[in-house]
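To start, the structure itself, in structure tokens.
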Amino acid sequence: MYYSATTTKSVADAARDLEASVKKHGFGVLHVHDLKDTLTRKGYPLAAECRIYEVCNPQQASKVLQRDMRLNAALPCRVSVFEDGGATRISTIRPSAMLGMLSQDPDLARVAAEVEATLGRIIDETAGTSSTAARQSLLARRATLAAEVAAGVAKRTADRAGLLEDVADSADLATADAVLDVDRAEVDRDMEEIAAIDAALQRIETNTYGVCVACGAPIEPARLATTPAAARCVACQRAAERREPPPARL
């Protein structure tokens, strides 16, 4: 649901760099909410710094509104810079998750995926993380998968309506079931990979990326280069595959 990064920068420095990165990637800052200042002035002091940036890409916003004007309530995107546990964090709600709750339109899913990938790059650049390349690769793949899932769900819905309407006998029903099973398997496969990517992004967040979750040894660089979401080293992955079926995609 959330995408975030931790940085050693102060909130003020991260906020400055965020504005520069937002502009670099074709977005604009519509408004900045300083929650600490606002709440303190209203008599509810907030100890932690927290600034929320409303950011927007006009072209992408126009695409969304042309498809469904009701989605104006979900715009613009928001990126927050705040203090948390002594560190500075930069965070946003994933556009694919937000729009996915409001619409099943595959075209909107693709727009959300594009915006999400760009926001991820903005956050990474602002944070200055050492795992930027891996994070960007994972984000790009996740955005593609999110769009595929939305399209797959829409396809299964359409297939179900069309196939079951034309069922004439048990043979037709068996064919319809087979098609729907394939549709479901494709969506499930993509969802499994998204879960693996989210776990890898969490490991980047906690500075454990590239460390085998089974034995604690470093994961081979070549394996991470080909499979950025890999959670195990080659030896531990092979051992896991002998004990249980391997994941559809890791």
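Chain labels run A, B, ... following the order of the structure tokens; each chain numbers its residues from 1, and ligands are numbered from 1 in the order shown.
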
*asked:* Need to verify the contact set: Pro45 in chain A, 7 Å, only C-alpha atoms, exclusion of same-chain residues closer than 3 positions in sequence. Can you return it as a list in words?
replied: Lys36, Leu39 and Thr40 of chain A

Identify, on the basis of only C-alpha atoms, every residue whose closest approach to range 93-105 of chain A does not exceed 10 Å; exclude the query and any residue fewer than 3 positions from it along the same chain; express the result as a compact mmCIF listing (two decimals) with N, CA and C atoms, in the first residue's frame.
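Output contents, as saved in result_8.txt:
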```txt
# COMPACT_ATOMS: atom_id res chain seq x y z
N MET A 1 0.82 -1.20 0.00
CA MET A 1 0.00 0.00 0.00
C MET A 1 0.86 1.27 0.00
N TYR A 2 1.95 1.24 0.83
CA TYR A 2 2.83 2.40 0.91
C TYR A 2 4.15 2.13 0.19
N TYR A 3 4.76 3.20 -0.32
CA TYR A 3 6.14 3.11 -0.79
C TYR A 3 6.92 4.18 -0.06
N SER A 4 8.01 3.78 0.58
CA SER A 4 8.76 4.76 1.38
C SER A 4 10.24 4.44 1.36
N VAL A 64 -6.58 10.47 -16.27
CA VAL A 64 -7.45 9.88 -15.24
C VAL A 64 -8.83 10.51 -15.28
N ARG A 67 -11.12 9.56 -18.12
CA ARG A 67 -11.69 8.22 -18.02
C ARG A 67 -12.79 8.16 -16.97
N ASP A 68 -12.59 8.88 -15.85
CA ASP A 68 -13.59 8.81 -14.76
C ASP A 68 -13.46 10.07 -13.91
N ARG A 70 -15.06 11.07 -11.47
CA ARG A 70 -15.24 10.88 -10.02
C ARG A 70 -13.91 10.74 -9.29
N LEU A 71 -12.88 10.34 -10.03
CA LEU A 71 -11.58 10.09 -9.40
C LEU A 71 -10.84 11.38 -9.04
N ALA A 74 -9.39 11.47 -5.65
CA ALA A 74 -8.15 10.76 -5.34
C ALA A 74 -6.91 11.53 -5.80
N LEU A 75 -7.12 12.71 -6.37
CA LEU A 75 -6.01 13.53 -6.86
C LEU A 75 -5.84 14.76 -5.98
N CYS A 77 -1.57 13.37 -6.18
CA CYS A 77 -0.77 12.44 -5.37
C CYS A 77 -0.13 13.20 -4.22
N ARG A 78 0.16 12.49 -3.15
CA ARG A 78 0.79 13.11 -1.98
C ARG A 78 2.05 12.37 -1.60
N VAL A 79 3.09 13.13 -1.36
CA VAL A 79 4.37 12.57 -0.88
C VAL A 79 4.70 13.29 0.41
N SER A 80 4.96 12.52 1.46
CA SER A 80 5.24 13.13 2.76
C SER A 80 6.70 12.97 3.15
N LEU A 108 -6.76 2.88 -16.69
CA LEU A 108 -6.39 3.64 -15.50
C LEU A 108 -5.30 2.92 -14.72
N ALA A 109 -5.33 1.61 -14.72
CA ALA A 109 -4.28 0.84 -14.04
C ALA A 109 -2.92 1.13 -14.67
N ARG A 110 -2.89 1.25 -15.99
CA ARG A 110 -1.62 1.56 -16.66
C ARG A 110 -1.13 2.97 -16.32
N VAL A 111 -2.05 3.92 -16.24
CA VAL A 111 -1.67 5.28 -15.85
C VAL A 111 -1.12 5.27 -14.43
N ALA A 112 -1.82 4.58 -13.53
CA ALA A 112 -1.37 4.50 -12.14
C ALA A 112 0.01 3.86 -12.04
N ALA A 113 0.26 2.83 -12.86
CA ALA A 113 1.55 2.16 -12.84
C ALA A 113 2.66 3.10 -13.29
N GLU A 114 2.40 3.91 -14.31
CA GLU A 114 3.39 4.87 -14.78
C GLU A 114 3.70 5.92 -13.71
N VAL A 115 2.64 6.44 -13.08
CA VAL A 115 2.82 7.46 -12.04
C VAL A 115 3.57 6.85 -10.85
N GLU A 116 3.22 5.62 -10.49
CA GLU A 116 3.86 4.97 -9.36
C GLU A 116 5.35 4.78 -9.58
N ALA A 117 5.72 4.37 -10.79
CA ALA A 117 7.14 4.18 -11.10
C ALA A 117 7.90 5.50 -10.99
N LEU A 119 7.01 8.21 -9.17
CA LEU A 119 7.08 8.61 -7.76
C LEU A 119 8.15 7.81 -7.03
N GLY A 120 8.29 6.53 -7.38
CA GLY A 120 9.34 5.73 -6.76
C GLY A 120 10.72 6.29 -7.06
N ARG A 142 7.21 -4.07 -10.60
CA ARG A 142 5.96 -4.09 -9.84
C ARG A 142 4.86 -3.31 -10.55
N ALA A 143 5.25 -2.17 -11.13
CA ALA A 143 4.27 -1.36 -11.85
C ALA A 143 3.70 -2.12 -13.03
N ALA A 146 1.33 -4.80 -11.68
CA ALA A 146 0.07 -4.23 -11.18
C ALA A 146 -0.89 -3.98 -12.33
N ALA A 147 -0.36 -3.47 -13.44
CA ALA A 147 -1.20 -3.24 -14.61
C ALA A 147 -1.70 -4.56 -15.19
N VAL A 149 -2.21 -7.35 -13.54
CA VAL A 149 -3.23 -7.90 -12.64
C VAL A 149 -4.59 -7.25 -12.91
N ALA A 150 -4.57 -5.92 -13.04
CA ALA A 150 -5.84 -5.22 -13.30
C ALA A 150 -6.44 -5.69 -14.63
N ALA A 151 -5.59 -5.83 -15.64
CA ALA A 151 -6.08 -6.30 -16.94
C ALA A 151 -6.56 -7.75 -16.85
N VAL A 153 -7.78 -9.33 -14.18
CA VAL A 153 -9.06 -9.39 -13.47
C VAL A 153 -10.20 -8.99 -14.40
N ALA A 154 -9.96 -7.93 -15.19
CA ALA A 154 -10.99 -7.49 -16.13
C ALA A 154 -11.26 -8.56 -17.19
```

*Test item: residues at most 12 Å from Lys23 in chain A, only C-alpha atoms, excluding those fewer than 6 positions along its chain, as a ChimeraX atom specification*: /A:16-17,29-30,55-57,118-119,122,126

*Please, which residues of range 29-63 of chain A, numbered as in this document, come out strand (DSSP E) from DSSP, as a PyMOL selection string?*
chain A and resi 29-34+50-56

For the residues in that selection, give me N, CA and C atoms as an mmCIF file, in the first residue's frame.
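Once written, again.cif looks like this:
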```cif
data_model
loop_
_atom_site.group_PDB
_atom_site.id
_atom_site.type_symbol
_atom_site.label_atom_id
_atom_site.label_comp_id
_atom_site.auth_asym_id
_atom_site.auth_seq_id
_atom_site.Cartn_x
_atom_site.Cartn_y
_atom_site.Cartn_z
ATOM 1 N N VAL A 29 4.580 20.901 -7.748
ATOM 2 C CA VAL A 29 4.107 20.937 -6.363
ATOM 3 C C VAL A 29 2.937 21.913 -6.283
ATOM 4 N N LEU A 30 1.757 21.388 -5.975
ATOM 5 C CA LEU A 30 0.567 22.238 -5.896
ATOM 6 C C LEU A 30 0.441 22.921 -4.542
ATOM 7 N N HIS A 31 0.820 22.202 -3.493
ATOM 8 C CA HIS A 31 0.687 22.756 -2.143
ATOM 9 C C HIS A 31 1.538 21.944 -1.174
ATOM 10 N N VAL A 32 1.970 22.585 -0.101
ATOM 11 C CA VAL A 32 2.722 21.906 0.946
ATOM 12 C C VAL A 32 1.989 22.114 2.265
ATOM 13 N N HIS A 33 1.673 21.014 2.945
ATOM 14 C CA HIS A 33 1.037 21.076 4.263
ATOM 15 C C HIS A 33 2.105 20.813 5.325
ATOM 16 N N ASP A 34 2.364 21.793 6.172
ATOM 17 C CA ASP A 34 3.301 21.616 7.288
ATOM 18 C C ASP A 34 2.464 21.247 8.516
ATOM 19 N N CYS A 50 6.627 17.078 9.919
ATOM 20 C CA CYS A 50 5.860 16.336 8.911
ATOM 21 C C CYS A 50 5.354 17.315 7.856
ATOM 22 N N ARG A 51 5.858 17.145 6.643
ATOM 23 C CA ARG A 51 5.427 17.997 5.540
ATOM 24 C C ARG A 51 4.834 17.110 4.442
ATOM 25 N N ILE A 52 3.652 17.466 3.994
ATOM 26 C CA ILE A 52 2.960 16.690 2.960
ATOM 27 C C ILE A 52 2.908 17.514 1.682
ATOM 28 N N TYR A 53 3.454 16.960 0.629
ATOM 29 C CA TYR A 53 3.504 17.633 -0.666
ATOM 30 C C TYR A 53 2.416 17.078 -1.587
ATOM 31 N N GLU A 54 1.574 17.965 -2.100
ATOM 32 C CA GLU A 54 0.618 17.586 -3.125
ATOM 33 C C GLU A 54 1.305 17.788 -4.471
ATOM 34 N N VAL A 55 1.506 16.680 -5.198
ATOM 35 C CA VAL A 55 2.239 16.759 -6.463
ATOM 36 C C VAL A 55 1.362 16.220 -7.586
ATOM 37 N N CYS A 56 1.600 16.741 -8.792
ATOM 38 C CA CYS A 56 0.738 16.351 -9.909
ATOM 39 C C CYS A 56 1.482 16.466 -11.228
#
```

Which residues of range 36-129 of chain A have any atom within 12 Å of an atom in range 6-12 of chain A when counting only C-alpha atoms, and what is the closest pair of atoms for each, with the distance in Å to one decimal? Order the rows by chain and rising number and write it as CSV.
```
residue,atom,partner,partner_atom,distance
A:Lys36,CA,A:Val11,CA,11.9
A:Ala48,CA,A:Val11,CA,9.9
A:Glu49,CA,A:Val11,CA,7.0
A:Cys50,CA,A:Val11,CA,7.9
A:Arg51,CA,A:Val11,CA,8.3
A:Ile52,CA,A:Val11,CA,11.3
A:Ser80,CA,A:Val11,CA,10.0
A:Val81,CA,A:Val11,CA,6.3
A:Phe82,CA,A:Val11,CA,6.3
A:Glu83,CA,A:Val11,CA,7.0
A:Asp84,CA,A:Thr6,CA,9.3
A:Gly85,CA,A:Thr6,CA,10.7
A:Gly86,CA,A:Thr8,CA,9.6
A:Ala87,CA,A:Thr8,CA,6.6
A:Thr88,CA,A:Thr7,CA,5.5
A:Arg89,CA,A:Thr6,CA,4.5
A:Ile90,CA,A:Thr6,CA,6.4
A:Ser91,CA,A:Thr6,CA,8.8
A:Ile123,CA,A:Thr6,CA,9.4
A:Asp124,CA,A:Thr6,CA,9.1
A:Glu125,CA,A:Thr7,CA,10.3
A:Thr126,CA,A:Thr7,CA,8.2
A:Ala127,CA,A:Thr7,CA,4.8
A:Gly128,CA,A:Thr7,CA,6.9
A:Thr129,CA,A:Thr7,CA,7.0
```

Convert the current residue selection to file output with N, CA, C and O atoms, as a compact mmCIF listing (two decimals), in the first residue's frame.
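And here's again-v4.txt as it stands now:
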```txt
# COMPACT_ATOMS: atom_id res chain seq x y z
N LYS A 36 3.22 19.92 11.45
CA LYS A 36 3.73 20.33 12.76
C LYS A 36 3.35 21.78 13.04
O LYS A 36 2.84 22.11 14.13
N ALA A 48 7.02 15.73 16.02
CA ALA A 48 7.77 15.36 14.81
C ALA A 48 7.48 16.30 13.66
O ALA A 48 6.35 16.75 13.48
N GLU A 49 8.51 16.57 12.86
CA GLU A 49 8.32 17.32 11.62
C GLU A 49 7.53 16.45 10.64
O GLU A 49 7.75 15.25 10.53
N CYS A 50 6.63 17.08 9.92
CA CYS A 50 5.86 16.34 8.91
C CYS A 50 5.35 17.32 7.86
O CYS A 50 4.55 18.19 8.16
N ARG A 51 5.86 17.15 6.64
CA ARG A 51 5.43 18.00 5.54
C ARG A 51 4.83 17.11 4.44
O ARG A 51 5.46 16.13 4.04
N ILE A 52 3.65 17.47 3.99
CA ILE A 52 2.96 16.69 2.96
C ILE A 52 2.91 17.51 1.68
O ILE A 52 2.38 18.64 1.68
N SER A 80 4.96 12.52 1.46
CA SER A 80 5.24 13.13 2.76
C SER A 80 6.70 12.97 3.15
O SER A 80 7.34 11.97 2.82
N VAL A 81 7.21 13.96 3.83
CA VAL A 81 8.56 13.94 4.40
C VAL A 81 8.39 14.14 5.89
O VAL A 81 7.83 15.17 6.31
N PHE A 82 8.83 13.18 6.69
CA PHE A 82 8.54 13.28 8.11
C PHE A 82 9.59 12.58 8.97
O PHE A 82 10.37 11.75 8.47
N GLU A 83 9.58 12.93 10.25
CA GLU A 83 10.47 12.29 11.23
C GLU A 83 9.78 11.05 11.80
O GLU A 83 8.59 11.09 12.12
N ASP A 84 10.55 9.98 11.92
CA ASP A 84 9.99 8.74 12.47
C ASP A 84 11.10 7.95 13.12
O ASP A 84 12.01 7.47 12.45
N GLY A 85 11.04 7.82 14.45
CA GLY A 85 12.05 7.03 15.17
C GLY A 85 13.45 7.58 15.02
O GLY A 85 14.41 6.80 14.96
N GLY A 86 13.59 8.89 14.93
CA GLY A 86 14.91 9.48 14.83
C GLY A 86 15.45 9.56 13.41
O GLY A 86 16.56 10.06 13.20
N ALA A 87 14.71 9.07 12.44
CA ALA A 87 15.15 9.11 11.04
C ALA A 87 14.16 9.93 10.22
O ALA A 87 13.05 10.22 10.65
N THR A 88 14.59 10.31 9.04
CA THR A 88 13.71 11.02 8.11
C THR A 88 13.20 10.03 7.08
O THR A 88 13.98 9.29 6.49
N ARG A 89 11.91 10.03 6.88
CA ARG A 89 11.29 9.12 5.91
C ARG A 89 10.55 9.91 4.84
O ARG A 89 10.01 10.99 5.12
N ILE A 90 10.54 9.36 3.64
CA ILE A 90 9.82 9.93 2.52
C ILE A 90 8.85 8.86 2.05
O ILE A 90 9.26 7.73 1.79
N SER A 91 7.57 9.18 1.95
CA SER A 91 6.58 8.12 1.74
C SER A 91 5.42 8.60 0.88
O SER A 91 5.09 9.79 0.85
N ILE A 123 11.24 9.48 -5.00
CA ILE A 123 11.52 9.19 -3.60
C ILE A 123 12.93 8.65 -3.44
O ILE A 123 13.68 9.04 -2.52
N ASP A 124 13.35 7.75 -4.33
CA ASP A 124 14.69 7.20 -4.25
C ASP A 124 15.75 8.28 -4.44
O ASP A 124 16.76 8.31 -3.72
N GLU A 125 15.55 9.14 -5.42
CA GLU A 125 16.51 10.22 -5.66
C GLU A 125 16.59 11.14 -4.45
O GLU A 125 17.68 11.58 -4.05
N THR A 126 15.45 11.43 -3.87
CA THR A 126 15.42 12.31 -2.70
C THR A 126 16.14 11.69 -1.52
O THR A 126 16.91 12.35 -0.82
N ALA A 127 15.91 10.40 -1.32
CA ALA A 127 16.53 9.71 -0.18
C ALA A 127 18.02 9.48 -0.38
O ALA A 127 18.78 9.43 0.58
N GLY A 128 18.43 9.32 -1.65
CA GLY A 128 19.84 9.05 -1.92
C GLY A 128 20.25 7.69 -1.41
O GLY A 128 21.36 7.50 -0.91
N THR A 129 19.38 6.69 -1.55
CA THR A 129 19.67 5.36 -1.03
C THR A 129 20.72 4.65 -1.84
O THR A 129 20.86 4.85 -3.05
```

*To one decimal place, how far is CA of Asp107 in chain A from CA of Arg141 in chain A in Å?*
17.5 Å

*Residue set, range 14-57 of chain A restricted to alpha helix (DSSP H), as an MDAnalysis selection string*: chainID A and resid 14:24 35:41

*Of the candidates A:Ala158, A:Leu138, A:Ala15, A:Ala61, which one gets nearest to Ala225 in chain A if we count only C-alpha atoms?*
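The closest residue to Ala225 in chain A is A:Leu138.
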
*asked:* Can you measure CA of Ala47 in chain A to CA of Glu205 in chain A for me? One decimal in Å is fine.
replied: 23.7 Å

*Counting only C-alpha atoms, the residue of A:Pro76, A:Asp181, A:Ala14, A:Pro221 that sits nearest Phe27 in chain A*: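 Checking each of A:Pro76, A:Asp181, A:Ala14, A:Pro221 against Phe27 in chain A, counting only C-alpha atoms, the winner is A:Pro76.
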
*Would you work out the distance separating CA of Thr206 in chain A from CA of Arg135 in chain A, expressed in Å to one decimal?*
12.8 Å

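Considering only C-alpha atoms, the residue among A:Leu35, A:Ala73, A:Ile197, A:Ala214 positioned nearest to Ala230 in chain A is A:Ile197.
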